[in-house]
$ cat structure-v9.txt   # compact mmCIF, C-alpha atoms
# COMPACT_ATOMS: atom_id res chain seq x y z
CA MET A 258 56.89 9.72 -19.02
CA ASN A 259 54.55 11.01 -21.71
CA LEU A 260 52.99 7.55 -21.95
CA PHE A 261 52.41 7.55 -18.18
CA ARG A 262 50.75 10.99 -18.34
CA SER A 263 48.55 9.88 -21.23
CA LYS A 264 47.37 6.84 -19.27
CA LEU A 265 46.74 9.00 -16.18
CA VAL A 266 44.62 11.43 -18.22
CA PHE A 267 42.74 8.51 -19.75
CA TYR A 268 41.97 6.96 -16.35
CA ARG A 269 40.85 10.31 -14.95
CA LYS A 270 38.49 10.85 -17.87
CA SER A 271 37.10 7.31 -17.51
CA TYR A 272 36.57 7.86 -13.78
CA LYS A 273 34.74 11.15 -14.40
CA LYS A 274 32.52 9.50 -17.01
CA GLU A 275 31.65 6.70 -14.59
CA ILE A 276 30.80 9.19 -11.81
CA THR A 277 28.65 11.23 -14.25
CA LYS A 278 26.76 8.08 -15.26
CA LYS A 279 26.06 7.22 -11.61
CA LYS A 280 24.85 10.75 -10.89
CA LYS A 281 22.51 10.67 -13.89
CA LYS A 282 21.24 7.26 -12.82
CA MET A 283 20.45 8.50 -9.31
CA SER A 284 18.78 11.63 -10.69
CA THR A 285 16.54 9.41 -12.81
CA ILE A 286 15.70 7.30 -9.77
CA ALA A 287 14.91 10.45 -7.77
CA ASP A 288 12.65 11.71 -10.54
CA GLU A 289 10.79 8.41 -10.60
CA LEU A 290 10.52 8.40 -6.83
CA PHE A 291 9.08 11.90 -6.89
CA ALA A 292 6.68 11.18 -9.76
CA SER A 293 5.46 7.99 -8.10
CA PHE A 294 4.13 9.73 -5.03
CA VAL A 295 2.96 13.11 -6.27
CA ASP A 296 -0.21 13.90 -8.17
CA PHE A 297 1.09 16.90 -10.14
CA GLU A 298 -2.41 18.24 -10.83
CA GLN A 299 -3.04 18.69 -7.10
CA VAL A 300 0.32 20.13 -6.04
CA GLU A 301 0.92 23.85 -5.76
CA GLU A 302 4.09 25.24 -7.35
CA ASP A 303 5.83 25.89 -4.01
CA GLN A 304 4.99 22.36 -2.84
CA TYR A 305 6.39 20.97 -6.10
CA ILE A 306 9.64 22.85 -5.62
CA ASP A 307 9.97 21.69 -2.00
CA LEU A 308 9.39 18.03 -2.84
CA LYS A 309 11.59 18.15 -5.92
CA ARG A 310 14.38 19.63 -3.82
CA ILE A 311 14.16 16.70 -1.39
CA CYS A 312 14.51 14.19 -4.21
CA ARG A 313 17.11 16.02 -6.34
CA ASN A 314 19.33 17.70 -3.75
CA LYS A 315 22.83 16.88 -4.95
CA ARG A 316 24.30 17.17 -1.50
CA ARG A 317 22.32 14.18 -0.26
CA LYS A 318 23.18 10.62 -1.22
CA LEU A 319 20.27 8.46 -2.33
CA GLU A 320 22.33 5.29 -2.54
CA VAL A 321 24.24 4.30 0.60
CA SER A 322 25.66 1.17 2.16
CA LYS A 323 23.32 -1.77 2.71
CA SER A 324 23.75 -1.64 6.45
CA SER A 325 22.34 1.90 6.77
CA SER A 326 19.75 2.09 3.99
CA LEU A 327 16.17 1.12 3.27
CA LYS A 328 15.48 -0.52 -0.07
CA LEU A 329 12.41 0.86 -1.81
CA ARG A 330 12.31 -1.55 -4.72
CA TYR A 331 8.57 -1.14 -5.13
CA ILE A 332 9.29 2.43 -6.28
CA HIS A 333 12.43 1.60 -8.28
CA LYS A 334 14.42 -1.60 -8.36
CA ASN A 335 17.71 0.21 -7.69
CA LEU A 336 16.50 2.69 -5.08
CA SER A 337 17.88 2.72 -1.55
CA LEU A 338 17.51 5.57 0.92
CA ALA A 339 19.54 6.35 4.00
CA LYS A 340 17.40 6.42 7.13
CA ASN A 341 17.77 10.18 7.57
CA GLU A 342 16.84 10.74 3.91
CA MET A 343 13.83 8.46 4.31
CA ASP A 344 12.78 10.44 7.37
CA ARG A 345 13.05 13.73 5.45
CA LEU A 346 11.12 12.40 2.49
CA ARG A 347 8.47 10.91 4.77
CA ASP A 348 8.18 14.22 6.62
CA GLU A 349 7.73 16.20 3.39
CA ASN A 350 5.17 13.73 2.07
CA SER A 351 3.25 13.91 5.33
CA LYS A 352 3.20 17.71 5.25
CA ARG A 353 1.83 17.61 1.71
CA LEU A 354 -0.91 15.18 2.72
CA LEU A 355 -1.90 17.20 5.78
CA ARG A 356 -2.16 20.34 3.66
CA ASP A 357 -4.60 18.38 1.50
CA ARG A 358 -6.42 17.13 4.62
CA LYS A 359 -5.34 13.56 3.95
CA LEU A 360 -3.80 10.74 5.99
CA SER A 361 -2.07 7.52 4.88
CA LEU A 362 -3.95 4.21 4.67
CA VAL A 363 -2.15 0.87 4.28
CA LEU A 364 -4.38 -1.90 2.93
CA ASP A 365 -3.83 -5.64 2.99
CA LEU A 366 -4.95 -7.65 -0.05
CA ASP A 367 -5.94 -11.26 0.67
CA HIS A 368 -9.00 -11.72 2.89
CA THR A 369 -9.25 -7.92 3.24
CA LEU A 370 -9.98 -6.51 -0.23
CA LEU A 371 -10.27 -9.80 -2.11
CA ASN A 372 -9.84 -13.57 -1.94
CA SER A 373 -7.78 -15.74 -4.27
CA ALA A 374 -7.48 -19.47 -4.81
CA GLY A 375 -5.10 -21.40 -7.03
CA PHE A 376 -6.57 -23.25 -10.00
CA SER A 377 -5.46 -26.57 -8.46
CA VAL A 378 -7.46 -26.12 -5.21
CA ILE A 379 -10.84 -25.29 -6.76
CA THR A 380 -13.23 -28.02 -5.60
CA ASP A 381 -15.80 -29.89 -7.71
CA GLU A 382 -18.47 -27.93 -5.85
CA GLU A 383 -16.89 -24.71 -7.14
CA GLU A 384 -16.43 -25.87 -10.72
CA TYR A 385 -19.21 -23.52 -11.89
CA LEU A 386 -16.77 -20.65 -11.28
CA ASN A 387 -14.81 -21.73 -14.36
CA CYS A 388 -17.78 -21.08 -16.65
CA GLU A 389 -17.77 -18.32 -19.24
CA ARG A 390 -18.46 -14.89 -17.74
CA ASP A 391 -21.83 -14.46 -19.45
CA VAL A 392 -23.26 -17.58 -17.76
CA LEU A 393 -21.94 -16.78 -14.27
CA PRO A 394 -24.38 -15.64 -11.60
CA GLU A 395 -24.98 -11.90 -11.88
CA TYR A 396 -23.10 -11.01 -8.68
CA LEU A 397 -19.93 -12.65 -10.03
CA LYS A 398 -19.82 -11.17 -13.53
CA SER A 399 -17.92 -8.04 -12.53
CA SER A 400 -16.06 -9.31 -9.48
CA LEU A 401 -14.62 -12.75 -10.34
CA PHE A 402 -11.42 -12.94 -12.38
CA ARG A 403 -9.21 -15.65 -13.80
CA VAL A 404 -5.58 -14.52 -13.51
CA ASP A 405 -3.51 -16.80 -15.70
CA LEU A 406 -0.19 -15.16 -14.80
CA THR A 407 -0.56 -16.14 -11.14
CA LYS A 408 -2.73 -19.22 -11.86
CA THR A 409 -5.47 -18.04 -9.52
CA LEU A 410 -9.16 -17.27 -9.45
CA THR A 411 -9.66 -13.97 -7.64
CA LYS A 412 -12.90 -12.64 -6.19
CA LEU A 413 -13.12 -8.97 -5.25
CA ARG A 414 -14.85 -8.31 -1.95
CA PRO A 415 -18.31 -6.72 -2.17
CA TYR A 416 -18.23 -2.91 -1.87
CA VAL A 417 -14.48 -2.75 -2.64
CA ASN A 418 -14.88 -0.33 -5.57
CA THR A 419 -16.93 2.12 -3.52
CA PHE A 420 -14.59 1.65 -0.56
CA LEU A 421 -11.50 2.59 -2.58
CA LYS A 422 -13.21 5.54 -4.24
CA GLU A 423 -14.43 7.04 -0.96
CA ALA A 424 -11.34 6.19 1.11
CA SER A 425 -9.06 7.79 -1.50
CA LYS A 426 -10.76 11.14 -0.89
CA LEU A 427 -9.49 11.12 2.70
CA TYR A 428 -6.35 8.95 2.56
CA GLU A 429 -3.37 8.26 0.34
CA LEU A 430 -3.72 4.53 -0.34
CA HIS A 431 -1.00 1.86 -0.17
CA ILE A 432 -1.17 -1.89 -0.76
CA TYR A 433 0.94 -4.04 1.57
CA THR A 434 0.74 -7.80 1.12
CA MET A 435 2.73 -10.80 2.27
CA GLY A 436 2.29 -12.15 -1.26
CA GLY A 437 4.98 -11.78 -3.92
CA PHE A 438 5.43 -8.62 -5.99
CA LEU A 439 4.07 -10.16 -9.21
CA TYR A 440 0.91 -11.24 -7.40
CA ALA A 441 0.55 -7.80 -5.80
CA LEU A 442 0.81 -6.07 -9.18
CA GLU A 443 -1.79 -8.33 -10.77
CA MET A 444 -4.22 -7.79 -7.89
CA ALA A 445 -3.67 -4.02 -8.06
CA LYS A 446 -4.67 -4.10 -11.73
CA LEU A 447 -7.98 -5.73 -10.79
CA LEU A 448 -8.66 -3.28 -7.98
CA ASP A 449 -7.37 -0.19 -9.73
CA PRO A 450 -7.36 -0.78 -13.51
CA GLU A 451 -6.95 2.92 -14.30
CA ASN A 452 -4.17 3.38 -11.73
CA ILE A 453 -6.09 6.08 -9.87
CA TYR A 454 -5.66 4.96 -6.27
CA PHE A 455 -2.30 3.25 -5.71
CA ASN A 456 0.15 4.52 -8.33
CA SER A 457 3.42 2.74 -7.40
CA ARG A 458 2.53 2.36 -3.72
CA ILE A 459 2.33 -1.44 -3.97
CA ILE A 460 4.41 -3.17 -1.32
CA SER A 461 4.98 -6.94 -1.16
CA ARG A 462 6.92 -9.33 1.07
CA ASP A 463 9.90 -8.74 -1.23
CA ASP A 464 10.08 -5.16 0.07
CA SER A 465 9.63 -5.90 3.77
CA THR A 466 12.51 -5.14 6.11
CA ARG A 467 11.58 -8.05 8.40
CA MET A 468 11.23 -11.76 7.77
CA PHE A 469 7.57 -12.94 7.78
CA GLU A 470 6.45 -9.62 9.28
CA LYS A 471 5.04 -6.32 8.08
CA SER A 472 6.15 -2.92 9.33
CA LEU A 473 5.73 0.71 8.31
CA ASP A 474 9.49 1.10 7.75
CA VAL A 475 9.08 1.18 3.97
CA VAL A 476 5.86 3.23 3.86
CA LEU A 477 6.17 6.92 2.98
CA GLY A 478 3.68 7.91 5.64
CA LYS A 479 4.52 9.03 9.17
CA GLU A 480 3.48 6.61 11.91
CA ASN A 481 1.43 9.26 13.68
CA ALA A 482 -0.66 9.82 10.54
CA THR A 483 -1.04 6.28 9.12
CA VAL A 484 -3.88 3.76 9.50
CA ILE A 485 -3.55 0.05 8.67
CA LEU A 486 -6.49 -2.13 7.59
CA ASP A 487 -5.68 -5.84 7.70
CA ASP A 488 -7.41 -9.12 8.54
CA SER A 489 -4.40 -10.35 10.53
CA GLU A 490 -2.89 -8.72 13.61
CA SER A 491 -0.14 -11.32 13.95
CA VAL A 492 1.67 -10.33 10.73
CA TRP A 493 2.34 -6.80 12.00
CA CYS A 494 5.33 -5.93 14.14
CA LYS A 495 4.65 -4.92 17.73
CA GLU A 496 5.58 -1.26 17.17
CA HIS A 497 2.85 -0.69 14.59
CA LYS A 498 -0.10 -2.61 16.01
CA GLU A 499 -1.40 0.64 17.47
CA ASN A 500 -2.02 1.79 13.89
CA LEU A 501 -4.06 -1.30 13.05
CA ILE A 502 -7.75 -1.85 12.44
CA VAL A 503 -8.48 -5.58 12.16
CA ILE A 504 -11.18 -6.51 9.66
CA GLU A 505 -12.99 -9.86 9.50
CA ARG A 506 -11.55 -12.23 6.94
CA TYR A 507 -13.27 -12.61 3.60
CA HIS A 508 -13.66 -16.33 2.82
CA PHE A 509 -15.09 -16.63 -0.66
CA PHE A 510 -13.35 -19.85 -1.70
CA ALA A 511 -13.58 -23.23 0.04
CA ASN A 512 -9.80 -23.44 0.28
CA SER A 513 -9.78 -20.21 2.29
CA CYS A 514 -12.10 -21.70 4.91
CA LYS A 515 -9.97 -24.85 4.99
CA GLN A 516 -6.75 -22.85 5.36
CA PHE A 517 -8.04 -21.04 8.46
CA GLY A 518 -10.01 -23.92 9.95
CA VAL A 519 -13.39 -22.23 9.46
CA ASP A 520 -16.15 -24.75 10.17
CA HIS A 521 -18.80 -23.42 7.79
CA LYS A 522 -19.08 -23.51 4.01
CA SER A 523 -17.61 -20.72 1.94
CA HIS A 524 -19.57 -18.18 -0.09
CA SER A 525 -18.65 -19.99 -3.29
CA GLN A 526 -20.04 -23.27 -1.96
CA LEU A 527 -23.26 -21.57 -0.86
CA LYS A 528 -23.41 -19.52 -4.08
CA SER A 529 -23.76 -16.36 -2.00
CA ASP A 530 -21.72 -13.34 -0.98
CA GLU A 531 -21.30 -10.74 1.77
CA ASN A 532 -23.96 -8.09 2.09
CA GLU A 533 -22.50 -5.17 0.15
CA SER A 534 -24.06 -2.27 2.07
CA GLU A 535 -23.67 -3.82 5.54
CA GLY A 536 -20.52 -5.89 5.05
CA ALA A 537 -17.05 -5.50 6.49
CA LEU A 538 -15.73 -2.96 3.98
CA ALA A 539 -18.78 -0.73 4.33
CA ASN A 540 -18.35 -0.72 8.11
CA SER A 541 -14.60 -0.18 7.80
CA LEU A 542 -15.20 2.87 5.63
CA LYS A 543 -17.46 4.37 8.32
CA ILE A 544 -14.69 3.92 10.89
CA LEU A 545 -12.07 5.44 8.58
CA GLN A 546 -14.32 8.43 7.93
CA GLN A 547 -14.83 8.82 11.68
CA ILE A 548 -11.08 8.66 12.31
CA HIS A 549 -10.45 11.30 9.65
CA THR A 550 -13.06 13.63 11.15
CA LEU A 551 -11.71 13.22 14.68
CA PHE A 552 -8.16 13.87 13.53
CA PHE A 553 -8.87 17.03 11.52
CA ASP A 554 -12.08 18.55 12.90
CA MET A 555 -12.12 18.19 16.67
CA GLY A 556 -10.99 21.74 17.26
CA GLN A 557 -7.63 20.97 18.83
CA LYS A 558 -5.36 23.98 19.16
CA ASP A 559 -2.18 22.07 18.38
CA SER A 560 -0.77 21.88 14.85
CA LEU A 561 -1.76 19.00 12.57
CA GLU A 562 1.83 17.78 12.47
CA ASP A 563 1.84 17.34 16.25
CA ARG A 564 -1.33 15.25 16.38
CA ASP A 565 -1.13 11.49 16.77
CA LEU A 566 -3.64 9.37 14.90
CA ARG A 567 -2.90 6.43 17.20
CA LYS A 568 -4.61 8.28 20.05
CA VAL A 569 -7.67 8.74 17.83
CA LEU A 570 -7.63 5.04 16.96
CA LYS A 571 -7.47 4.13 20.62
CA SER A 572 -10.54 6.21 21.46
CA VAL A 573 -12.44 4.84 18.44
CA ARG A 574 -11.68 1.26 19.49
CA LYS A 575 -13.04 1.94 22.97
CA GLU A 576 -16.19 3.50 21.51
CA VAL A 577 -16.78 0.56 19.18
CA VAL A 578 -16.38 -1.99 21.97
CA LYS A 579 -18.37 0.01 24.51
CA GLY A 580 -21.33 0.95 22.31
CA CYS A 581 -21.17 -1.80 19.69
CA LYS A 582 -21.75 0.94 17.13
CA VAL A 583 -19.77 -0.79 14.41
CA VAL A 584 -19.79 -4.51 13.75
CA PHE A 585 -17.33 -6.21 11.39
CA SER A 586 -19.41 -9.06 10.09
CA ASP A 587 -18.22 -12.24 8.44
CA GLU A 588 -21.71 -13.71 8.44
CA ILE A 589 -22.61 -15.65 5.33
CA SER A 590 -25.49 -14.06 3.44
CA ASN A 591 -27.89 -16.41 1.72
$ encode --input "structure-v9.txt" --output "structure tokens"
Amino acid sequence: MNLFRSKLVFYRKSYKKEITKKKKKMSTIADELFASFVDFEQVEEDQYIDLKRICRNKRRKLEVSKSSSLKLRYIHKNLSLAKNEMDRLRDENSKRLLRDRKLSLVLDLDHTLLNSAGFSVITDEEEYLNCERDVLPEYLKSSLFRVDLTKTLTKLRPYVNTFLKEASKLYELHIYTMGGFLYALEMAKLLDPENIYFNSRIISRDDSTRMFEKSLDVVLGKENATVILDDSESVWCKEHKENLIVIERYHFFANSCKQFGVDHKSHSQLKSDENESEGALANSLKILQQIHTLFFDMGQKDSLEDRDLRKVLKSVRKEVVKGCKVVFSDEISN
């Protein structure tokens, strides 16, 4: 009998230790989740407490069954959130952004912010791109990169540095690519080497909730306060196309033109590039600034939380088409 009691006590202690370990693990995940999305220097103490409470509240489960949870592996490899917890966290994050007069902006990578080509598809005509940096044409010295980890040459789109700097003043920036997570991380390092703009908000196809399709399910921004900038409408699910601004594709490499059936030579073949001040990203920034102004400064009497950015986007699209005030240009500059 004593032996039985001893074993029972042992098993109880082991069970308690295991539960304690799991709780500590989830607390760590919650801390990382919180730290990933909050700039502590810009958060007031009461905001900090509110957000921390959402992430650390012991009464809420962060890890639930697969059938009812969203995996947020881009924040932490073991993190899953129940839908209602995701909604609460998204709501709190949105309130914080609105207090800071910010919206959410989801950015595609390839053909939107940059263009990449595998080492094996570089043509003889493009062989000059493999030269040492100091002998490259001036316009390539700070924007062309050899990424050995992904075996690609990557060219940043003209104006991208200014675009990210200015857009980040008005929006919380996310990357969302149909490329793999390793590729996404490497591209983020090129775009944001000091980790100023994206933090851990780097989403790849590995994080998507739908096969071969993007959605805002895994984005910590409310749909009524999120803009998407992407070169492809077809990759987005039907529910979120109202949030989308389609930008002209950036075809720097010959393989990019070939891939999309473009019947003119690429920038690399012509040894040219997009016009920086009048190119697609410069025009996109103007539209994003206009959207931000319309959302926050049009004198509506309703609360910011009740406003719907999709209505603003709809009116901006009509204005662009009607007045041709903004042109997304993919014209090759000589």
$ closest_residue --input "structure-v9.txt" --among "A:Val417, A:Leu386, A:Ile459, A:Ile453" --to "Thr369 of chain A" --atoms "only C-alpha atoms"
A:Val417
$ closest_atom_pairs --input "structure-v9.txt" --of "segment 381-492 of chain A" --to "segment 503-516 of chain A" --cutoff "7 Å" --atoms "all atoms listed in the file" --output "tab-separated table"
residue	atom	partner	partner_atom	distance
A:Leu486	CA	A:Val503	CA	6.1
A:Asp487	CA	A:Val503	CA	5.3
A:Asp488	CA	A:Ile504	CA	4.7
A:Ser489	CA	A:Val503	CA	6.5
A:Glu490	CA	A:Val503	CA	6.6
$ closest_residue --input "structure-v9.txt" --among "A:Leu447, A:Ile379, A:Leu542, A:Leu397" --to "Lys422 of chain A" --atoms "all atoms listed in the file"
A:Leu542
$ closest_atom_pairs --input "structure-v9.txt" --of "segment 504-565 of chain A" --to "segment 342-362 of chain A" --cutoff "9 Å" --atoms "all atoms listed in the file" --output "CSV"
residue,atom,partner,partner_atom,distance
A:His549,CA,A:Leu360,CA,7.6
A:Phe553,CA,A:Arg358,CA,7.3
A:Leu561,CA,A:Leu355,CA,7.0
A:Glu562,CA,A:Lys352,CA,7.3
$ closest_residue --input "structure-v9.txt" --among "A:Leu329, A:Ile485, A:Leu527, A:Met555" --to "Arg462 of chain A" --atoms "all atoms listed in the file"
A:Leu329
$ closest_residue --input "structure-v9.txt" --among "A:Asp520, A:Glu533, A:Asp565, A:Asp367" --to "Glu499 of chain A" --atoms "only C-alpha atoms"
A:Asp565
$ closest_residue --input "structure-v9.txt" --among "A:Leu566, A:Tyr416, A:Ser400, A:Leu338" --to "Glu480 of chain A" --atoms "all atoms listed in the file"
A:Leu566
$ atom_distance --input "structure-v9.txt" --atom1 "atom CA of Val476 of chain A" --atom2 "atom CA of Lys340 of chain A"
12.4 Å
$ residues_near_point --input "structure-v9.txt" --point "(-19.4, 2.1, 3.3)" --cutoff "12 Å" --atoms "only C-alpha atoms" --output "PyMOL selection string"
chain A and resi 415-424+532-547+583+585
$ closest_residue --input "structure-v9.txt" --among "A:Leu371, A:Val363, A:Cys388, A:Val492" --to "Leu448 of chain A" --atoms "only C-alpha atoms"
A:Leu371
$ residues_near_point --input "structure-v9.txt" --point "(-10.1, -11.1, -14.6)" --cutoff "12 Å" --atoms "only C-alpha atoms" --output "PyMOL selection string"
chain A and resi 373+387+389-390+397-413+443-448+450
$ atom_distance --input "structure-v9.txt" --atom1 "atom CA of Leu473 of chain A" --atom2 "atom CA of Ser461 of chain A"
12.2 Å
